[in-house]
file my_file.pdb (PDB, C-alpha atoms)
ATOM      1  CA  MET A   1      38.091   5.427   8.070
ATOM      2  CA  ALA A   2      38.850   2.608   5.622
ATOM      3  CA  LYS A   3      35.100   2.071   5.158
ATOM      4  CA  THR A   4      34.655   5.756   4.288
ATOM      5  CA  LYS A   5      37.362   5.587   1.625
ATOM      6  CA  TRP A   6      35.726   2.470   0.156
ATOM      7  CA  ASN A   7      32.319   4.170   0.094
ATOM      8  CA  LEU A   8      33.729   7.199  -1.720
ATOM      9  CA  LEU A   9      35.224   5.024  -4.454
ATOM     10  CA  PHE A  10      31.986   3.066  -4.815
ATOM     11  CA  ALA A  11      30.075   6.348  -5.095
ATOM     12  CA  THR A  12      32.281   7.373  -8.047
ATOM     13  CA  PHE A  13      31.396   4.054  -9.703
ATOM     14  CA  ILE A  14      27.643   4.693  -9.288
ATOM     15  CA  LEU A  15      27.885   8.277 -10.575
ATOM     16  CA  SER A  16      29.982   7.199 -13.576
ATOM     17  CA  CYS A  17      27.371   4.565 -14.460
ATOM     18  CA  VAL A  18      24.610   7.185 -14.280
ATOM     19  CA  SER A  19      26.670   9.529 -16.465
ATOM     20  CA  LEU A  20      27.264   6.746 -18.999
ATOM     21  CA  ALA A  21      23.529   6.029 -19.182
ATOM     22  CA  VAL A  22      22.722   9.722 -19.693
ATOM     23  CA  LEU A  23      25.313  10.066 -22.467
ATOM     24  CA  ILE A  24      23.940   7.011 -24.289
ATOM     25  CA  VAL A  25      20.374   8.316 -23.969
ATOM     26  CA  SER A  26      21.445  11.723 -25.285
ATOM     27  CA  LEU A  27      23.299  10.153 -28.210
ATOM     28  CA  CYS A  28      20.400   7.920 -29.236
ATOM     29  CA  THR A  29      17.369  10.185 -28.740
ATOM     30  CA  PRO A  30      16.117  12.524 -31.500
ATOM     31  CA  TYR A  31      15.573  15.669 -29.434
ATOM     32  CA  TRP A  32      18.719  17.722 -29.902
ATOM     33  CA  VAL A  33      16.616  20.251 -31.818
ATOM     34  CA  THR A  34      12.861  20.837 -31.707
ATOM     35  CA  SER A  35      11.196  23.272 -34.032
ATOM     36  CA  GLU A  36       8.233  24.294 -36.111
ATOM     37  CA  ALA A  37       8.184  25.328 -39.758
ATOM     38  CA  PHE A  38       5.815  28.031 -40.989
ATOM     39  CA  GLU A  39       4.235  28.189 -44.425
ATOM     40  CA  LEU A  40       1.697  30.907 -45.198
ATOM     41  CA  SER A  41      -0.922  28.701 -46.840
ATOM     42  CA  ALA A  42      -0.478  25.672 -44.555
ATOM     43  CA  PHE A  43      -3.234  24.528 -42.194
ATOM     44  CA  LYS A  44      -0.790  24.948 -39.268
ATOM     45  CA  ASN A  45       2.921  24.836 -38.621
ATOM     46  CA  SER A  46       4.878  21.673 -39.268
ATOM     47  CA  GLU A  47       6.494  20.037 -36.223
ATOM     48  CA  ILE A  48      10.077  18.801 -36.333
ATOM     49  CA  ASN A  49      12.481  17.138 -33.955
ATOM     50  CA  TYR A  50      15.796  15.433 -34.608
ATOM     51  CA  GLY A  51      18.997  14.267 -33.002
ATOM     52  CA  LEU A  52      22.503  13.680 -34.288
ATOM     53  CA  PHE A  53      21.430  11.053 -36.832
ATOM     54  CA  SER A  54      17.667  10.940 -37.319
ATOM     55  CA  GLY A  55      14.379  12.605 -36.475
ATOM     56  CA  SER A  56      10.787  13.069 -37.526
ATOM     57  CA  LEU A  57       8.621  15.602 -39.342
ATOM     58  CA  THR A  58       4.881  16.115 -38.960
ATOM     59  CA  GLN A  59       3.728  18.181 -41.921
ATOM     60  CA  ASN A  60       0.416  19.965 -41.407
ATOM     61  CA  TYR A  61      -0.097  21.498 -44.823
ATOM     62  CA  LEU A  62      -3.587  19.948 -44.944
ATOM     63  CA  PRO A  63      -5.942  19.188 -42.019
ATOM     64  CA  ASN A  64      -4.731  15.576 -42.239
ATOM     65  CA  PRO A  65      -1.125  15.528 -40.992
ATOM     66  CA  ARG A  66       1.557  13.577 -42.823
ATOM     67  CA  TYR A  67       4.443  11.925 -40.994
ATOM     68  CA  TYR A  68       7.976  11.541 -42.303
ATOM     69  CA  ASN A  69      11.171  10.075 -40.961
ATOM     70  CA  LEU A  70      14.241  12.271 -41.282
ATOM     71  CA  THR A  71      17.791  10.963 -41.706
ATOM     72  CA  LEU A  72      20.952  13.023 -41.617
ATOM     73  CA  THR A  73      22.754  12.907 -44.951
ATOM     74  CA  CYS A  74      26.154  14.467 -45.591
ATOM     75  CA  LEU A  75      27.913  15.334 -48.826
ATOM     76  CA  TYR A  76      31.430  15.254 -47.429
ATOM     77  CA  GLN A  77      32.988  16.503 -50.650
ATOM     78  CA  GLU A  78      30.733  19.574 -50.414
ATOM     79  CA  TYR A  79      31.095  19.957 -46.612
ATOM     80  CA  VAL A  80      27.321  20.142 -46.112
ATOM     81  CA  CYS A  81      24.740  17.995 -44.311
ATOM     82  CA  ALA A  82      20.946  18.101 -44.161
ATOM     83  CA  PHE A  83      18.052  16.011 -42.888
ATOM     84  CA  SER A  84      16.398  14.193 -45.768
ATOM     85  CA  CYS A  85      12.993  12.507 -45.848
ATOM     86  CA  GLN A  86      13.939   9.949 -48.520
ATOM     87  CA  LYS A  87      14.159   6.271 -47.586
ATOM     88  CA  ASP A  88      17.387   5.054 -49.206
ATOM     89  CA  GLU A  89      20.909   6.435 -49.121
ATOM     90  CA  GLU A  90      21.153   7.155 -52.850
ATOM     91  CA  SER A  91      17.886   9.113 -52.889
ATOM     92  CA  ARG A  92      18.910  11.070 -49.805
ATOM     93  CA  SER A  93      22.256  12.058 -51.312
ATOM     94  CA  ASP A  94      20.544  13.061 -54.560
ATOM     95  CA  GLU A  95      18.044  15.152 -52.605
ATOM     96  CA  VAL A  96      20.723  17.048 -50.678
ATOM     97  CA  LEU A  97      22.645  17.664 -53.891
ATOM     98  CA  LYS A  98      19.535  19.110 -55.547
ATOM     99  CA  LEU A  99      18.902  21.326 -52.540
ATOM    100  CA  LEU A 100      22.488  22.562 -52.695
ATOM    101  CA  LYS A 101      21.999  23.516 -56.344
ATOM    102  CA  GLY A 102      18.716  25.274 -55.617
ATOM    103  CA  LEU A 103      16.630  22.666 -57.446
ATOM    104  CA  ARG A 104      13.383  21.241 -56.158
ATOM    105  CA  PRO A 105      13.844  17.650 -54.882
ATOM    106  CA  ASP A 106      11.446  14.743 -55.267
ATOM    107  CA  ASP A 107       8.447  14.513 -52.972
ATOM    108  CA  CYS A 108       8.928  12.663 -49.689
ATOM    109  CA  PRO A 109       7.507   9.109 -49.580
ATOM    110  CA  LEU A 110       4.855   8.639 -46.910
ATOM    111  CA  PRO A 111       5.722   5.828 -44.452
ATOM    112  CA  SER A 112       3.086   3.121 -44.744
ATOM    113  CA  SER A 113       3.148   2.461 -40.983
ATOM    114  CA  LYS A 114       1.812   5.921 -40.265
ATOM    115  CA  MET A 115      -0.677   6.359 -43.066
ATOM    116  CA  LEU A 116      -3.954   7.910 -42.085
ATOM    117  CA  THR A 117      -7.382   7.661 -43.673
ATOM    118  CA  ILE A 118      -6.220   9.744 -46.603
ATOM    119  CA  VAL A 119      -2.914   8.222 -47.606
ATOM    120  CA  SER A 120      -2.340   9.377 -51.134
ATOM    121  CA  GLN A 121       0.299  12.025 -51.713
ATOM    122  CA  PRO A 122      -1.210  15.362 -52.711
ATOM    123  CA  ASP A 123      -0.630  16.573 -56.190
ATOM    124  CA  GLN A 124       2.109  19.050 -56.905
ATOM    125  CA  GLN A 125      -0.547  21.719 -57.536
ATOM    126  CA  ILE A 126      -1.433  22.109 -53.855
ATOM    127  CA  PHE A 127       1.959  23.632 -53.183
ATOM    128  CA  PRO A 128       2.751  27.202 -54.090
ATOM    129  CA  GLN A 129       3.977  27.638 -57.623
ATOM    130  CA  ASP A 130       7.725  27.407 -58.160
ATOM    131  CA  ARG A 131       9.225  30.808 -57.592
ATOM    132  CA  GLN A 132      12.398  29.919 -59.440
ATOM    133  CA  THR A 133      13.766  26.829 -61.098
ATOM    134  CA  SER A 134      17.387  27.043 -60.034
ATOM    135  CA  ALA A 135      19.641  29.233 -57.963
ATOM    136  CA  VAL A 136      22.988  29.311 -56.249
ATOM    137  CA  PHE A 137      21.984  28.300 -52.736
ATOM    138  CA  ASP A 138      23.568  29.630 -49.557
ATOM    139  CA  ARG A 139      25.705  26.892 -47.977
ATOM    140  CA  SER A 140      25.323  28.536 -44.579
ATOM    141  CA  ASN A 141      21.748  27.219 -44.445
ATOM    142  CA  PHE A 142      23.062  23.650 -44.360
ATOM    143  CA  ILE A 143      24.531  21.832 -41.382
ATOM    144  CA  ASN A 144      28.280  22.356 -41.223
ATOM    145  CA  THR A 145      29.925  18.954 -41.626
ATOM    146  CA  GLY A 146      32.911  19.823 -39.433
ATOM    147  CA  LEU A 147      30.789  20.927 -36.484
ATOM    148  CA  TRP A 148      28.510  17.895 -36.772
ATOM    149  CA  VAL A 149      31.444  15.463 -36.957
ATOM    150  CA  SER A 150      33.124  17.203 -34.008
ATOM    151  CA  THR A 151      29.926  16.892 -31.950
ATOM    152  CA  VAL A 152      29.681  13.166 -32.675
ATOM    153  CA  VAL A 153      33.377  12.588 -31.956
ATOM    154  CA  PHE A 154      33.336  14.415 -28.631
ATOM    155  CA  ILE A 155      30.182  12.732 -27.356
ATOM    156  CA  GLY A 156      31.742   9.419 -28.376
ATOM    157  CA  ILE A 157      34.889  10.280 -26.391
ATOM    158  CA  ALA A 158      32.796  11.359 -23.393
ATOM    159  CA  THR A 159      30.813   8.104 -23.506
ATOM    160  CA  SER A 160      33.983   6.021 -23.756
ATOM    161  CA  PHE A 161      35.718   7.725 -20.842
ATOM    162  CA  ALA A 162      32.586   7.573 -18.703
ATOM    163  CA  ALA A 163      32.685   3.799 -19.239
ATOM    164  CA  VAL A 164      36.419   3.739 -18.462
ATOM    165  CA  SER A 165      35.834   5.773 -15.306
ATOM    166  CA  ALA A 166      33.134   3.362 -14.132
ATOM    167  CA  SER A 167      35.325   0.342 -14.898
ATOM    168  CA  PHE A 168      38.389   1.561 -13.035
ATOM    169  CA  SER A 169      36.298   2.804 -10.128
ATOM    170  CA  ILE A 170      34.986  -0.697  -9.463
ATOM    171  CA  ILE A 171      38.471  -2.136 -10.007
ATOM    172  CA  ASN A 172      39.814   0.177  -7.292
ATOM    173  CA  VAL A 173      36.926  -0.824  -5.019
ATOM    174  CA  LEU A 174      37.720  -4.527  -5.374
ATOM    175  CA  PHE A 175      41.501  -4.410  -5.761
ATOM    176  CA  ASN A 176      44.422  -2.083  -5.152
ATOM    177  CA  PRO A 177      46.210  -1.517  -8.498
ATOM    178  CA  VAL A 178      49.814  -0.377  -8.259
ATOM    179  CA  GLU A 179      50.186   1.319 -11.650
ATOM    180  CA  PRO A 180      49.208   5.022 -11.438
ATOM    181  CA  VAL A 181      47.098   4.894 -14.607
ATOM    182  CA  PHE A 182      44.969   2.126 -13.098
ATOM    183  CA  ASN A 183      44.665   3.355  -9.520
ATOM    184  CA  VAL A 184      42.913   6.390  -8.038
ATOM    185  CA  PHE A 185      45.280   8.798  -9.804
ATOM    186  CA  GLY A 186      43.949   7.512 -13.142
ATOM    187  CA  LEU A 187      40.369   8.215 -12.029
ATOM    188  CA  PHE A 188      41.186  11.930 -11.971
ATOM    189  CA  ILE A 189      42.268  11.656 -15.611
ATOM    190  CA  TRP A 190      39.256   9.653 -16.828
ATOM    191  CA  ASN A 191      36.734  11.918 -15.111
ATOM    192  CA  GLY A 192      38.515  15.041 -16.329
ATOM    193  CA  VAL A 193      38.500  13.843 -19.948
ATOM    194  CA  ALA A 194      34.788  12.964 -19.699
ATOM    195  CA  ILE A 195      34.038  16.485 -18.420
ATOM    196  CA  GLY A 196      36.101  18.154 -21.141
ATOM    197  CA  ALA A 197      34.719  16.041 -23.991
ATOM    198  CA  THR A 198      31.104  16.585 -22.907
ATOM    199  CA  ALA A 199      31.662  20.319 -22.604
ATOM    200  CA  LEU A 200      33.255  20.467 -26.073
ATOM    201  CA  CYS A 201      30.347  18.459 -27.504
ATOM    202  CA  MET A 202      27.893  21.021 -26.116
ATOM    203  CA  ILE A 203      30.023  23.893 -27.408
ATOM    204  CA  MET A 204      30.187  22.439 -30.936
ATOM    205  CA  TRP A 205      26.456  21.768 -31.203
ATOM    206  CA  GLY A 206      25.654  25.095 -29.573
ATOM    207  CA  ALA A 207      27.839  26.868 -32.152
ATOM    208  CA  LEU A 208      26.105  24.954 -34.955
ATOM    209  CA  PHE A 209      22.694  25.871 -33.591
ATOM    210  CA  ALA A 210      23.540  29.541 -33.074
ATOM    211  CA  GLY A 211      25.221  29.850 -36.478
ATOM    212  CA  THR A 212      22.770  27.911 -38.648
ATOM    213  CA  LEU A 213      19.902  25.999 -37.089
ATOM    214  CA  VAL A 214      18.362  28.948 -35.274
ATOM    215  CA  ASP A 215      17.567  30.444 -38.706
ATOM    216  CA  ASN A 216      17.133  27.287 -40.786
ATOM    217  CA  ILE A 217      16.801  23.806 -39.302
ATOM    218  CA  ALA A 218      18.175  22.266 -42.529
ATOM    219  CA  ILE A 219      15.383  19.868 -43.473
ATOM    220  CA  THR A 220      13.992  19.333 -46.958
ATOM    221  CA  ASP A 221      11.095  21.775 -46.562
ATOM    222  CA  THR A 222      13.091  24.727 -45.218
ATOM    223  CA  LEU A 223      15.920  24.208 -47.726
ATOM    224  CA  THR A 224      13.629  23.974 -50.781
ATOM    225  CA  ILE A 225      13.493  27.396 -52.402
ATOM    226  CA  GLN A 226      10.307  26.619 -54.346
ATOM    227  CA  ILE A 227       8.335  25.762 -51.173
ATOM    228  CA  PRO A 228       8.665  28.751 -48.835
ATOM    229  CA  TYR A 229       8.760  27.061 -45.432
ATOM    230  CA  THR A 230      10.671  28.922 -42.742
ATOM    231  CA  SER A 231      11.821  27.937 -39.257
ATOM    232  CA  SER A 232      13.521  31.215 -38.377
ATOM    233  CA  GLY A 233      12.942  31.983 -34.703
ATOM    234  CA  LEU A 234      10.943  28.783 -34.169
ATOM    235  CA  ALA A 235      13.772  26.363 -33.314
ATOM    236  CA  ALA A 236      15.085  25.518 -29.851
ATOM    237  CA  LEU A 237      17.674  23.196 -28.360
ATOM    238  CA  GLY A 238      15.957  20.059 -27.088
ATOM    239  CA  VAL A 239      16.182  17.949 -23.957
ATOM    240  CA  SER A 240      18.723  15.554 -25.530
ATOM    241  CA  TYR A 241      21.157  18.473 -25.627
ATOM    242  CA  TRP A 242      20.445  20.039 -22.248
ATOM    243  CA  VAL A 243      20.703  16.709 -20.437
ATOM    244  CA  LEU A 244      24.445  16.756 -21.205
ATOM    245  CA  PHE A 245      24.908  19.137 -18.282
ATOM    246  CA  LEU A 246      24.225  16.167 -15.994
ATOM    247  CA  PRO A 247      27.359  14.145 -16.961
ATOM    248  CA  ILE A 248      29.479  17.269 -16.471
ATOM    249  CA  VAL A 249      28.058  17.691 -12.974
ATOM    250  CA  LEU A 250      28.357  13.978 -12.138
ATOM    251  CA  HIS A 251      31.990  13.711 -13.158
ATOM    252  CA  GLY A 252      32.695  16.974 -11.369
ATOM    253  CA  VAL A 253      31.228  15.427  -8.220
ATOM    254  CA  ASN A 254      33.446  12.386  -8.813
ATOM    255  CA  VAL A 255      36.532  14.595  -8.839
ATOM    256  CA  GLY A 256      35.320  16.231  -5.635
ATOM    257  CA  LEU A 257      34.839  12.821  -3.965
ATOM    258  CA  LEU A 258      38.325  11.741  -5.012
ATOM    259  CA  LEU A 259      39.810  14.939  -3.582
ATOM    260  CA  TRP A 260      37.872  14.363  -0.384
ATOM    261  CA  ARG A 261      39.272  10.826  -0.188
ATOM    262  CA  ARG A 262      42.797  12.170  -0.665
ATOM    263  CA  TYR A 263      42.185  14.705   2.118
ATOM    264  CA  ILE A 264      41.036  11.917   4.461
ATOM    265  CA  ILE A 265      44.151   9.872   3.669
ATOM    266  CA  ASN A 266      46.460  12.836   4.249
ATOM    267  CA  LYS A 267      44.655  13.644   7.481
ATOM    268  CA  GLU A 268      45.307  10.196   8.959
ATOM    269  CA  PRO A 269      48.054  10.136  11.611
ATOM    270  CA  PRO A 270      51.265   8.460  10.448
ATOM    271  CA  PRO A 271      51.893   4.944  11.752
ATOM    272  CA  THR A 272      53.821   4.749  15.029
ATOM    273  CA  THR A 273      57.459   3.784  14.785
ATOM    274  CA  ILE A 274      59.573   2.189  17.487
ATOM    275  CA  ASP A 275      63.057   3.594  17.882
ATOM    276  CA  VAL A 276      65.570   1.046  19.124
ATOM    277  CA  ASP A 277      68.725   2.194  20.839
ATOM    278  CA  ARG A 278      71.257  -0.122  19.231
ATOM    279  CA  SER A 279      73.941   1.014  21.674
ATOM    280  CA  ASP A 280      72.040  -0.683  24.481
ATOM    281  CA  LEU A 281      73.778  -4.035  25.001
ATOM    282  CA  THR A 282      70.676  -5.517  26.649
ATOM    283  CA  ILE A 283      69.091  -5.797  23.200
ATOM    284  CA  ILE A 284      71.349  -8.796  22.608
ATOM    285  CA  MET A 285      69.316 -10.706  25.178
ATOM    286  CA  PHE A 286      66.351 -10.500  22.837
TER     287      PHE A 286
END

call {"tool": "encode", "arguments": {"input": "my_file.pdb", "output": "structure tokens"}}
result
Amino acid sequence: MAKTKWNLLFATFILSCVSLAVLIVSLCTPYWVTSEAFELSAFKNSEINYGLFSGSLTQNYLPNPRYYNLTLTCLYQEYVCAFSCQKDEESRSDEVLKLLKGLRPDDCPLPSSKMLTIVSQPDQQIFPQDRQTSAVFDRSNFINTGLWVSTVVFIGIATSFAAVSASFSIINVLFNPVEPVFNVFGLFIWNGVAIGATALCMIMWGALFAGTLVDNIAITDTLTIQIPYTSSGLAALGVSYWVLFLPIVLHGVNVGLLLWRRYIINKEPPPTTIDVDRSDLTIIMF
């Protein structure tokens, strides 16, 4: 029976470690959104994927594709974020500001590491003519700063508590802490917080996707009024998002294992007690 209880605690440690690894992979991989961008005169659709912080764009305007790195840039004073193709922070902020004002930003620099046979940037004339020079742009096409920050915060909390859950699981395997927050009772709390934070992370990003990204993936091309790229109906949530269901399931299994362990403990027969009749004078002989 004692071996079974030990095995159940060790199983929660293994599952918490797996959950922690999945959360880190989800946080670091650029596949929260995958999409294409359509332009009428392009050779074929552009291909885009990005995560919470960075991504990549393959632009197929000409038969020779061009590759760009995308970096999330936020104007916190304006409460908007977008994925920029510029290389330095100042240029990215300037680009997002121009997009917000409806102005055409500077052309994206082509990364030298991915240059093909034809590496020179095409002239401005290959793009459709500017349809308008300036306009009041719809902020709803940009990434909502509050939802993005909330997503990052909640996945950070989930990652932290998955690590805490794994740590205290192995502590309870090796030792027997007395304080409730450190013993098995605390494991219910850590696993519950990890479940809740992961679920809230998925809710926040899902709301952002349904409210904005499904119509406009908020990259330079789709936000530039003068270059009529569109991603409406072409975007989908990527594997980095859907894999977050796994930590929810794993920590849910942990809670189930802990409840099972409690059931086993409660099911054990109480220790036998010996009643001594103190009125029996023969006890003095012993």

call {"tool": "atom_distance", "arguments": {"input": "my_file.pdb", "atom1": "atom CA of A:Ile157", "atom2": "atom CA of A:Ala194"}}
result
7.2 Å

call {"tool": "residues_around", "arguments": {"input": "my_file.pdb", "residues": "A:Gln86", "least_positions_apart": "5", "cutoff": "8 Å", "atoms": "only C-alpha atoms", "output": "VMD selection string"}}
result
chain A and resid 70 to 71 91 to 92 95 108 to 109

call {"tool": "atom_distance", "arguments": {"input": "my_file.pdb", "atom1": "atom CA of A:Leu246", "atom2": "atom CA of A:Asn183"}}
result
25.0 Å

call {"tool": "residues_around", "arguments": {"input": "my_file.pdb", "residues": "stretch 220-224 of chain A", "least_positions_apart": "4", "cutoff": "10 Å", "atoms": "all atoms listed in the file", "output": "ChimeraX atom specification"}}
result
/A:37-39,46,57,59,70,82-86,95-96,98-100,102-108,137-138,141-142,215-216,228-232

call {"tool": "write_last_selection", "arguments": {"input": "my_file.pdb", "atoms": "C-alpha atoms", "output": "mmCIF file, in the coordinates of the input"}}
result
data_model
loop_
_atom_site.group_PDB
_atom_site.id
_atom_site.type_symbol
_atom_site.label_atom_id
_atom_site.label_comp_id
_atom_site.auth_asym_id
_atom_site.auth_seq_id
_atom_site.Cartn_x
_atom_site.Cartn_y
_atom_site.Cartn_z
ATOM 1 C CA ALA A 37 8.184 25.328 -39.758
ATOM 2 C CA PHE A 38 5.815 28.031 -40.989
ATOM 3 C CA GLU A 39 4.235 28.189 -44.425
ATOM 4 C CA SER A 46 4.878 21.673 -39.268
ATOM 5 C CA LEU A 57 8.621 15.602 -39.342
ATOM 6 C CA GLN A 59 3.728 18.181 -41.921
ATOM 7 C CA LEU A 70 14.241 12.271 -41.282
ATOM 8 C CA ALA A 82 20.946 18.101 -44.161
ATOM 9 C CA PHE A 83 18.052 16.011 -42.888
ATOM 10 C CA SER A 84 16.398 14.193 -45.768
ATOM 11 C CA CYS A 85 12.993 12.507 -45.848
ATOM 12 C CA GLN A 86 13.939 9.949 -48.520
ATOM 13 C CA GLU A 95 18.044 15.152 -52.605
ATOM 14 C CA VAL A 96 20.723 17.048 -50.678
ATOM 15 C CA LYS A 98 19.535 19.110 -55.547
ATOM 16 C CA LEU A 99 18.902 21.326 -52.540
ATOM 17 C CA LEU A 100 22.488 22.562 -52.695
ATOM 18 C CA GLY A 102 18.716 25.274 -55.617
ATOM 19 C CA LEU A 103 16.630 22.666 -57.446
ATOM 20 C CA ARG A 104 13.383 21.241 -56.158
ATOM 21 C CA PRO A 105 13.844 17.650 -54.882
ATOM 22 C CA ASP A 106 11.446 14.743 -55.267
ATOM 23 C CA ASP A 107 8.447 14.513 -52.972
ATOM 24 C CA CYS A 108 8.928 12.663 -49.689
ATOM 25 C CA PHE A 137 21.984 28.300 -52.736
ATOM 26 C CA ASP A 138 23.568 29.630 -49.557
ATOM 27 C CA ASN A 141 21.748 27.219 -44.445
ATOM 28 C CA PHE A 142 23.062 23.650 -44.360
ATOM 29 C CA ASP A 215 17.567 30.444 -38.706
ATOM 30 C CA ASN A 216 17.133 27.287 -40.786
ATOM 31 C CA PRO A 228 8.665 28.751 -48.835
ATOM 32 C CA TYR A 229 8.760 27.061 -45.432
ATOM 33 C CA THR A 230 10.671 28.922 -42.742
ATOM 34 C CA SER A 231 11.821 27.937 -39.257
ATOM 35 C CA SER A 232 13.521 31.215 -38.377
#

call {"tool": "atom_distance", "arguments": {"input": "my_file.pdb", "atom1": "atom CA of A:Phe209", "atom2": "atom CA of A:Val253"}}
result
28.7 Å

call {"tool": "closest_residue", "arguments": {"input": "my_file.pdb", "among": "A:Gly252, A:Gly186, A:Gly146, A:Gly55", "to": "A:Ala199", "atoms": "all atoms listed in the file"}}
result
A:Gly252

call {"tool": "residues_around", "arguments": {"input": "my_file.pdb", "residues": "A:Tyr241", "least_positions_apart": "6", "cutoff": "12 Å", "atoms": "all atoms listed in the file", "output": "list in words"}}
result
Val22, Leu23, Ile24, Val25, Ser26, Leu27, Cys28, Thr29, Pro30, Tyr31, Trp32, Val33, Thr34, Tyr50, Gly51, Leu52, Thr151, Ile155, Thr198, Ala199, Cys201, Met202, Ile203, Met204, Trp205, Gly206, Phe209 and Pro247 of chain A

call {"tool": "closest_residue", "arguments": {"input": "my_file.pdb", "among": "A:Leu8, A:Leu15, A:Leu72, A:Ile227", "to": "A:Ala162", "atoms": "all atoms listed in the file"}}
result
A:Leu15

call {"tool": "closest_residue", "arguments": {"input": "my_file.pdb", "among": "A:Gln226, A:Asn191, A:Ser169, A:Ser160", "to": "A:Leu250", "atoms": "only C-alpha atoms"}}
result
A:Asn191

call {"tool": "build_atoms", "arguments": {"input": "my_file.pdb", "residues": "stretch 59-72 of chain A", "atoms": "N, CA, C and O atoms", "output": "PDB file, in the frame of the given file"}}
result
ATOM      1  N   GLN A  59       4.066  17.088 -41.014  1.00  0.00           N
ATOM      2  CA  GLN A  59       3.728  18.181 -41.921  1.00  0.00           C
ATOM      3  C   GLN A  59       2.221  18.412 -41.893  1.00  0.00           C
ATOM      4  O   GLN A  59       1.436  17.494 -42.154  1.00  0.00           O
ATOM      5  N   ASN A  60       1.831  19.626 -41.563  1.00  0.00           N
ATOM      6  CA  ASN A  60       0.416  19.965 -41.407  1.00  0.00           C
ATOM      7  C   ASN A  60      -0.046  20.928 -42.498  1.00  0.00           C
ATOM      8  O   ASN A  60      -0.738  21.902 -42.231  1.00  0.00           O
ATOM      9  N   TYR A  61       0.330  20.631 -43.729  1.00  0.00           N
ATOM     10  CA  TYR A  61      -0.097  21.498 -44.823  1.00  0.00           C
ATOM     11  C   TYR A  61      -1.611  21.407 -45.015  1.00  0.00           C
ATOM     12  O   TYR A  61      -2.286  22.394 -45.266  1.00  0.00           O
ATOM     13  N   LEU A  62      -2.146  20.192 -44.866  1.00  0.00           N
ATOM     14  CA  LEU A  62      -3.587  19.948 -44.944  1.00  0.00           C
ATOM     15  C   LEU A  62      -4.101  19.584 -43.548  1.00  0.00           C
ATOM     16  O   LEU A  62      -3.310  19.310 -42.639  1.00  0.00           O
ATOM     17  N   PRO A  63      -5.423  19.581 -43.340  1.00  0.00           N
ATOM     18  CA  PRO A  63      -5.942  19.188 -42.019  1.00  0.00           C
ATOM     19  C   PRO A  63      -5.487  17.797 -41.589  1.00  0.00           C
ATOM     20  O   PRO A  63      -5.359  17.525 -40.402  1.00  0.00           O
ATOM     21  N   ASN A  64      -5.247  16.900 -42.558  1.00  0.00           N
ATOM     22  CA  ASN A  64      -4.731  15.576 -42.239  1.00  0.00           C
ATOM     23  C   ASN A  64      -3.202  15.624 -42.210  1.00  0.00           C
ATOM     24  O   ASN A  64      -2.572  15.822 -43.254  1.00  0.00           O
ATOM     25  N   PRO A  65      -2.597  15.441 -41.060  1.00  0.00           N
ATOM     26  CA  PRO A  65      -1.125  15.528 -40.992  1.00  0.00           C
ATOM     27  C   PRO A  65      -0.455  14.366 -41.707  1.00  0.00           C
ATOM     28  O   PRO A  65      -1.029  13.275 -41.843  1.00  0.00           O
ATOM     29  N   ARG A  66       0.748  14.612 -42.179  1.00  0.00           N
ATOM     30  CA  ARG A  66       1.557  13.577 -42.823  1.00  0.00           C
ATOM     31  C   ARG A  66       2.858  13.446 -42.037  1.00  0.00           C
ATOM     32  O   ARG A  66       3.475  14.438 -41.642  1.00  0.00           O
ATOM     33  N   TYR A  67       3.284  12.208 -41.837  1.00  0.00           N
ATOM     34  CA  TYR A  67       4.443  11.925 -40.994  1.00  0.00           C
ATOM     35  C   TYR A  67       5.604  11.419 -41.839  1.00  0.00           C
ATOM     36  O   TYR A  67       5.421  10.534 -42.685  1.00  0.00           O
ATOM     37  N   TYR A  68       6.783  11.950 -41.574  1.00  0.00           N
ATOM     38  CA  TYR A  68       7.976  11.541 -42.303  1.00  0.00           C
ATOM     39  C   TYR A  68       9.116  11.274 -41.319  1.00  0.00           C
ATOM     40  O   TYR A  68       9.233  11.935 -40.287  1.00  0.00           O
ATOM     41  N   ASN A  69       9.934  10.304 -41.696  1.00  0.00           N
ATOM     42  CA  ASN A  69      11.171  10.075 -40.961  1.00  0.00           C
ATOM     43  C   ASN A  69      12.284  10.876 -41.606  1.00  0.00           C
ATOM     44  O   ASN A  69      12.384  10.937 -42.838  1.00  0.00           O
ATOM     45  N   LEU A  70      13.123  11.478 -40.794  1.00  0.00           N
ATOM     46  CA  LEU A  70      14.241  12.271 -41.282  1.00  0.00           C
ATOM     47  C   LEU A  70      15.550  11.553 -40.952  1.00  0.00           C
ATOM     48  O   LEU A  70      15.708  11.006 -39.861  1.00  0.00           O
ATOM     49  N   THR A  71      16.477  11.579 -41.899  1.00  0.00           N
ATOM     50  CA  THR A  71      17.791  10.963 -41.706  1.00  0.00           C
ATOM     51  C   THR A  71      18.868  11.951 -42.121  1.00  0.00           C
ATOM     52  O   THR A  71      18.777  12.554 -43.201  1.00  0.00           O
ATOM     53  N   LEU A  72      19.867  12.105 -41.272  1.00  0.00           N
ATOM     54  CA  LEU A  72      20.952  13.023 -41.617  1.00  0.00           C
ATOM     55  C   LEU A  72      21.763  12.465 -42.778  1.00  0.00           C
ATOM     56  O   LEU A  72      22.165  11.301 -42.767  1.00  0.00           O
TER      57      LEU A  72
END
